[in-house]
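Chemist: Provided below: upload04.pdb, containing PDB, C-alpha atoms.
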```
ATOM      1  CA  MET A  23     -56.224  26.383 105.218
ATOM      2  CA  ALA A  24     -57.426  22.766 105.080
ATOM      3  CA  THR A  25     -61.155  22.096 105.228
ATOM      4  CA  GLU A  26     -62.149  19.454 107.739
ATOM      5  CA  LEU A  27     -64.433  16.840 106.237
ATOM      6  CA  LYS A  28     -67.300  15.484 108.274
ATOM      7  CA  ARG A  29     -67.725  11.710 108.261
ATOM      8  CA  ILE A  30     -71.101  10.026 108.392
ATOM      9  CA  ARG A  31     -71.442   6.344 109.222
ATOM     10  CA  SER A  32     -73.342   4.068 106.879
ATOM     11  CA  ASP A  33     -74.289   0.379 107.113
ATOM     12  CA  TRP A  34     -74.075  -0.127 103.335
ATOM     13  CA  GLN A  35     -72.083  -3.150 102.165
ATOM     14  CA  GLY A  36     -72.445  -1.989  98.558
ATOM     15  CA  ALA A  37     -74.692  -0.034  96.222
ATOM     16  CA  ILE A  38     -76.977  -0.985  93.364
ATOM     17  CA  LEU A  39     -76.977   1.733  90.694
ATOM     18  CA  VAL A  40     -80.083   1.817  88.513
ATOM     19  CA  CYS A  41     -80.166   3.987  85.386
ATOM     20  CA  GLY A  42     -82.829   6.632  85.920
ATOM     21  CA  LYS A  43     -83.082   7.479  82.242
ATOM     22  CA  CYS A  44     -83.851   3.854  81.328
ATOM     23  CA  SER A  45     -86.452   3.699  84.115
ATOM     24  CA  LYS A  46     -88.110   6.852  82.838
ATOM     25  CA  LYS A  47     -88.134   5.624  79.222
ATOM     26  CA  ILE A  48     -90.042   2.433  80.080
ATOM     27  CA  ASP A  49     -92.306   4.292  82.537
ATOM     28  CA  GLY A  50     -91.582   2.045  85.510
ATOM     29  CA  GLY A  51     -91.938  -1.261  83.686
ATOM     30  CA  PHE A  52     -92.004  -3.605  86.680
ATOM     31  CA  GLY A  53     -94.437  -4.925  89.263
ATOM     32  CA  LYS A  54     -97.934  -6.330  88.843
ATOM     33  CA  LYS A  55     -99.233  -3.469  86.711
ATOM     34  CA  GLY A  56     -95.893  -2.662  85.092
ATOM     35  CA  ARG A  57     -95.754   0.835  86.573
ATOM     36  CA  THR A  58     -93.271   0.426  89.439
ATOM     37  CA  SER A  59     -89.646   1.459  88.963
ATOM     38  CA  LEU A  60     -86.946  -1.185  89.292
ATOM     39  CA  SER A  61     -85.198   0.680  92.108
ATOM     40  CA  ARG A  62     -88.376   0.976  94.201
ATOM     41  CA  LEU A  63     -89.304  -2.676  93.670
ATOM     42  CA  LEU A  64     -85.790  -3.884  94.547
ATOM     43  CA  ARG A  65     -85.838  -1.925  97.814
ATOM     44  CA  LYS A  66     -89.192  -3.489  98.690
ATOM     45  CA  ILE A  67     -88.280  -7.080  97.775
ATOM     46  CA  LEU A  68     -84.878  -6.921  99.471
ATOM     47  CA  GLY A  69     -86.556  -5.484 102.571
ATOM     48  CA  LEU A  70     -83.999  -2.713 102.852
ATOM     49  CA  LYS A  71     -84.161  -0.106 105.562
ATOM     50  CA  SER A  72     -84.271   3.522 104.587
ATOM     51  CA  GLY A  73     -81.191   5.544 103.632
ATOM     52  CA  ARG A  74     -77.809   4.878 105.176
ATOM     53  CA  LYS A  75     -79.205   2.397 107.727
ATOM     54  CA  ALA A  76     -79.820  -0.152 104.980
ATOM     55  CA  SER A  77     -77.369  -3.005 104.426
ATOM     56  CA  LEU A  78     -77.362  -2.228 100.706
ATOM     57  CA  GLY A  79     -78.053   1.021  98.908
ATOM     58  CA  VAL A  80     -80.260   1.207  95.823
ATOM     59  CA  VAL A  81     -79.592   4.466  94.002
ATOM     60  CA  GLU A  82     -81.225   5.752  90.833
ATOM     61  CA  THR A  83     -78.543   7.546  88.803
ATOM     62  CA  ARG A  84     -78.430   9.639  85.680
ATOM     63  CA  CYS A  85     -77.860   7.950  82.327
ATOM     64  CA  LEU A  86     -75.244   5.185  82.416
ATOM     65  CA  GLY A  87     -74.734   5.447  78.647
ATOM     66  CA  VAL A  88     -75.862   1.973  77.539
ATOM     67  CA  CYS A  89     -79.488   2.784  76.612
ATOM     68  CA  PRO A  90     -80.975  -0.653  75.804
ATOM     69  CA  ARG A  91     -84.405  -0.685  74.185
ATOM     70  CA  GLY A  92     -87.150  -1.790  76.610
ATOM     71  CA  ALA A  93     -84.801  -2.492  79.517
ATOM     72  CA  VAL A  94     -83.016  -0.907  82.477
ATOM     73  CA  VAL A  95     -79.257  -0.989  83.144
ATOM     74  CA  LEU A  96     -78.171  -1.950  86.649
ATOM     75  CA  VAL A  97     -74.685  -1.916  88.222
ATOM     76  CA  ASP A  98     -73.839  -3.752  91.437
ATOM     77  CA  SER A  99     -70.881  -1.967  93.056
ATOM     78  CA  ARG A 100     -69.749  -5.302  94.530
ATOM     79  CA  GLN A 101     -69.305  -6.634  90.971
ATOM     80  CA  PRO A 102     -68.505  -3.529  88.907
ATOM     81  CA  ALA A 103     -67.136  -5.446  85.919
ATOM     82  CA  GLU A 104     -70.546  -7.006  85.193
ATOM     83  CA  TRP A 105     -73.408  -4.655  84.355
ATOM     84  CA  LEU A 106     -76.894  -6.132  84.051
ATOM     85  CA  VAL A 107     -79.540  -5.281  81.457
ATOM     86  CA  VAL A 108     -82.942  -6.017  83.001
ATOM     87  CA  PRO A 109     -85.774  -6.256  80.436
ATOM     88  CA  ARG A 110     -89.140  -4.660  81.181
ATOM     89  CA  GLY A 111     -91.341  -7.068  83.150
ATOM     90  CA  ALA A 112     -88.431  -9.307  84.209
ATOM     91  CA  ASP A 113     -88.750 -11.409  87.367
ATOM     92  CA  VAL A 114     -87.455  -8.941  89.964
ATOM     93  CA  VAL A 115     -87.729 -11.537  92.751
ATOM     94  CA  GLU A 116     -85.178 -13.686  90.896
ATOM     95  CA  LEU A 117     -82.981 -10.615  90.317
ATOM     96  CA  ALA A 118     -83.168  -9.712  94.024
ATOM     97  CA  ALA A 119     -82.148 -13.268  94.957
ATOM     98  CA  ARG A 120     -79.169 -12.997  92.607
ATOM     99  CA  LEU A 121     -78.152  -9.694  94.187
ATOM    100  CA  GLN A 122     -78.469 -11.195  97.676
ATOM    101  CA  ARG A 123     -76.261 -14.141  96.680
ATOM    102  CA  ALA A 124     -73.652 -11.642  95.497
ATOM    103  CA  SER A 125     -73.568 -10.177  99.003
ATOM    104  CA  GLN A 126     -72.894 -13.552 100.627
ATOM    105  CA  PRO A 127     -69.242 -14.201 101.506
ATOM    106  CA  VAL A 128     -67.590 -16.848  99.331
ATOM    107  CA  THR A 129     -66.297 -19.845 101.268
ATOM    108  CA  ASN A 130     -63.749 -22.284  99.918
ATOM    109  CA  GLY A 131     -65.018 -25.158 102.027
ATOM    110  CA  LEU A 132     -62.403 -24.542 104.708
TER     111      LEU A 132
END
```
If you took the structure in this file and wrote it as structure tokens, what would it be?

Modeler:
Amino acid sequence: MATELKRIRSDWQGAILVCGKCSKKIDGGFGKKGRTSLSRLLRKILGLKSGRKASLGVVETRCLGVCPRGAVVLVDSRQPAEWLVVPRGADVVELAARLQRASQPVTNGL
């Protein structure tokens, strides 16, 4: 007997995966006092809605297996071949702008 799967609509155009183990190791590491996690700060700067109503999901995962010293690994599902290593205290506003540019459609001038 086949199990019927329930579908749930989401507005996500992609997902940002942030290594939870890296975030825990540097004890947040971002924001004014250096205590805010990268995933929380990205959600705030990008102005994302909550949960599946957001245009982009920011998800804290388990270990991604890179384990850089003093940094957090981030994967943008829209560009899965390029993982980012974000050092503690990095300019998250600049990172958020880069992630927003990645979500913009590429035009060939046509």

Chemist: May I have the residues within 8 Å of range 35-51 of chain A as a PyMOL selection string, using all atoms listed in the file and disregarding those fewer than 4 positions away in the same chain?

Modeler: chain A and resi 56-61+77-86+89-90+92-100+110-111+125

Chemist: Expressed in Å to a single decimal, how great is the separation between CA of Val108 in chain A and CA of Phe52 in chain A?

Modeler: 10.1 Å

Chemist: What does the distance from CA of Gln101 in chain A to CA of Leu27 in chain A come to in Å, to one decimal?

Modeler: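 Going from CA of Gln101 in chain A over to CA of Leu27 in chain A, I get 28.4 Å.
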
Chemist: In Å to one decimal, how far is CA of Leu64 in chain A from CA of Val107 in chain A?

Modeler: 14.6 Å

Chemist: What would the selection look like, as a ChimeraX atom specification, if the PyMOL selection byres ((chain A and resi 114-121) around 7) were run on the coordinates I just shared?

Modeler: /A:64,67-68,112-113,122-125

Chemist: Nearest to Trp34 in chain A: which of A:Gly73, A:Pro102, A:Gly53, A:Pro109 is it, counting only C-alpha atoms?

Modeler: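 Among A:Gly73, A:Pro102, A:Gly53, A:Pro109, it is A:Gly73 that comes nearest to Trp34 in chain A.
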
Chemist: Provide range 70-99 of chain A of the preceding structure as a file containing N, CA, C and O atoms, as a short mmCIF file (atom, residue, chain, number, x, y, z; two decimals), in the first residue's frame.

Modeler:
```cif
data_model
loop_
_atom_site.label_atom_id
_atom_site.label_comp_id
_atom_site.auth_asym_id
_atom_site.auth_seq_id
_atom_site.Cartn_x
_atom_site.Cartn_y
_atom_site.Cartn_z
N LEU A 70 14.21 38.65 6.51
CA LEU A 70 13.42 37.50 6.10
C LEU A 70 12.24 37.28 7.02
O LEU A 70 12.34 37.47 8.23
N LYS A 71 11.14 36.87 6.42
CA LYS A 71 9.97 36.49 7.20
C LYS A 71 10.28 35.18 7.91
O LYS A 71 11.29 34.54 7.64
N SER A 72 9.39 34.78 8.76
CA SER A 72 9.59 33.57 9.54
C SER A 72 9.21 32.31 8.76
O SER A 72 8.25 32.29 8.02
N GLY A 73 9.99 31.25 8.95
CA GLY A 73 9.67 29.93 8.41
C GLY A 73 9.53 29.85 6.90
O GLY A 73 10.29 30.46 6.16
N ARG A 74 8.52 29.13 6.46
CA ARG A 74 8.36 28.87 5.03
C ARG A 74 7.79 30.04 4.25
O ARG A 74 7.71 30.00 3.03
N LYS A 75 7.41 31.12 4.93
CA LYS A 75 6.90 32.31 4.25
C LYS A 75 8.02 33.23 3.78
O LYS A 75 7.80 34.18 3.06
N ALA A 76 9.23 32.94 4.20
CA ALA A 76 10.39 33.74 3.81
C ALA A 76 10.75 33.47 2.35
O ALA A 76 10.42 32.41 1.81
N SER A 77 11.41 34.42 1.72
CA SER A 77 11.84 34.22 0.33
C SER A 77 13.10 33.35 0.27
O SER A 77 13.41 32.76 -0.75
N LEU A 78 13.81 33.27 1.38
CA LEU A 78 15.04 32.52 1.47
C LEU A 78 15.10 31.89 2.86
O LEU A 78 14.80 32.54 3.85
N GLY A 79 15.49 30.64 2.93
CA GLY A 79 15.59 29.98 4.22
C GLY A 79 17.02 30.03 4.74
O GLY A 79 17.97 29.87 3.98
N VAL A 80 17.17 30.30 6.02
CA VAL A 80 18.48 30.23 6.67
C VAL A 80 18.36 29.12 7.72
O VAL A 80 17.58 29.24 8.67
N VAL A 81 19.12 28.05 7.51
CA VAL A 81 19.00 26.87 8.34
C VAL A 81 20.34 26.54 8.97
O VAL A 81 21.35 26.45 8.28
N GLU A 82 20.34 26.36 10.29
CA GLU A 82 21.55 25.93 10.98
C GLU A 82 21.57 24.41 10.96
O GLU A 82 20.62 23.77 11.41
N THR A 83 22.63 23.83 10.43
CA THR A 83 22.73 22.38 10.24
C THR A 83 23.65 21.78 11.29
O THR A 83 24.23 22.48 12.12
N ARG A 84 23.86 20.48 11.16
CA ARG A 84 24.90 19.82 11.93
C ARG A 84 26.23 20.11 11.25
O ARG A 84 26.29 20.85 10.28
N CYS A 85 27.28 19.47 11.69
CA CYS A 85 28.61 19.72 11.15
C CYS A 85 28.67 19.45 9.65
O CYS A 85 28.20 18.42 9.17
N LEU A 86 29.26 20.38 8.91
CA LEU A 86 29.43 20.23 7.47
C LEU A 86 30.77 19.59 7.12
O LEU A 86 31.06 19.35 5.96
N GLY A 87 31.61 19.34 8.13
CA GLY A 87 32.84 18.59 7.92
C GLY A 87 34.06 19.38 7.49
O GLY A 87 35.10 18.79 7.21
N VAL A 88 33.98 20.70 7.46
CA VAL A 88 35.15 21.51 7.06
C VAL A 88 35.93 21.95 8.29
O VAL A 88 37.15 21.88 8.31
N CYS A 89 35.27 22.42 9.30
CA CYS A 89 35.84 22.80 10.59
C CYS A 89 37.01 23.78 10.52
O CYS A 89 38.12 23.48 10.98
N PRO A 90 36.79 24.99 9.98
CA PRO A 90 37.86 25.99 9.98
C PRO A 90 38.03 26.59 11.38
O PRO A 90 37.09 26.63 12.17
N ARG A 91 39.22 27.01 11.70
CA ARG A 91 39.49 27.58 13.01
C ARG A 91 39.03 29.04 13.02
O ARG A 91 39.42 29.83 12.18
N GLY A 92 38.16 29.40 13.96
CA GLY A 92 37.71 30.78 14.12
C GLY A 92 36.79 31.28 13.02
O GLY A 92 36.75 32.47 12.75
N ALA A 93 36.05 30.38 12.38
CA ALA A 93 35.17 30.77 11.29
C ALA A 93 33.97 29.83 11.22
O ALA A 93 33.93 28.80 11.89
N VAL A 94 32.99 30.21 10.39
CA VAL A 94 31.78 29.42 10.20
C VAL A 94 31.65 29.10 8.72
O VAL A 94 31.86 29.96 7.87
N VAL A 95 31.28 27.85 8.41
CA VAL A 95 31.07 27.43 7.02
C VAL A 95 29.62 27.68 6.65
O VAL A 95 28.71 27.41 7.43
N LEU A 96 29.42 28.20 5.44
CA LEU A 96 28.10 28.55 4.94
C LEU A 96 27.95 28.01 3.53
O LEU A 96 28.89 28.09 2.73
N VAL A 97 26.79 27.43 3.21
CA VAL A 97 26.51 26.91 1.88
C VAL A 97 25.24 27.56 1.37
O VAL A 97 24.20 27.52 2.04
N ASP A 98 25.31 28.17 0.20
CA ASP A 98 24.13 28.74 -0.46
C ASP A 98 23.63 27.69 -1.45
O ASP A 98 24.35 27.32 -2.37
N SER A 99 22.42 27.19 -1.26
CA SER A 99 21.89 26.13 -2.11
C SER A 99 21.75 26.57 -3.57
O SER A 99 21.68 25.73 -4.45
#
```
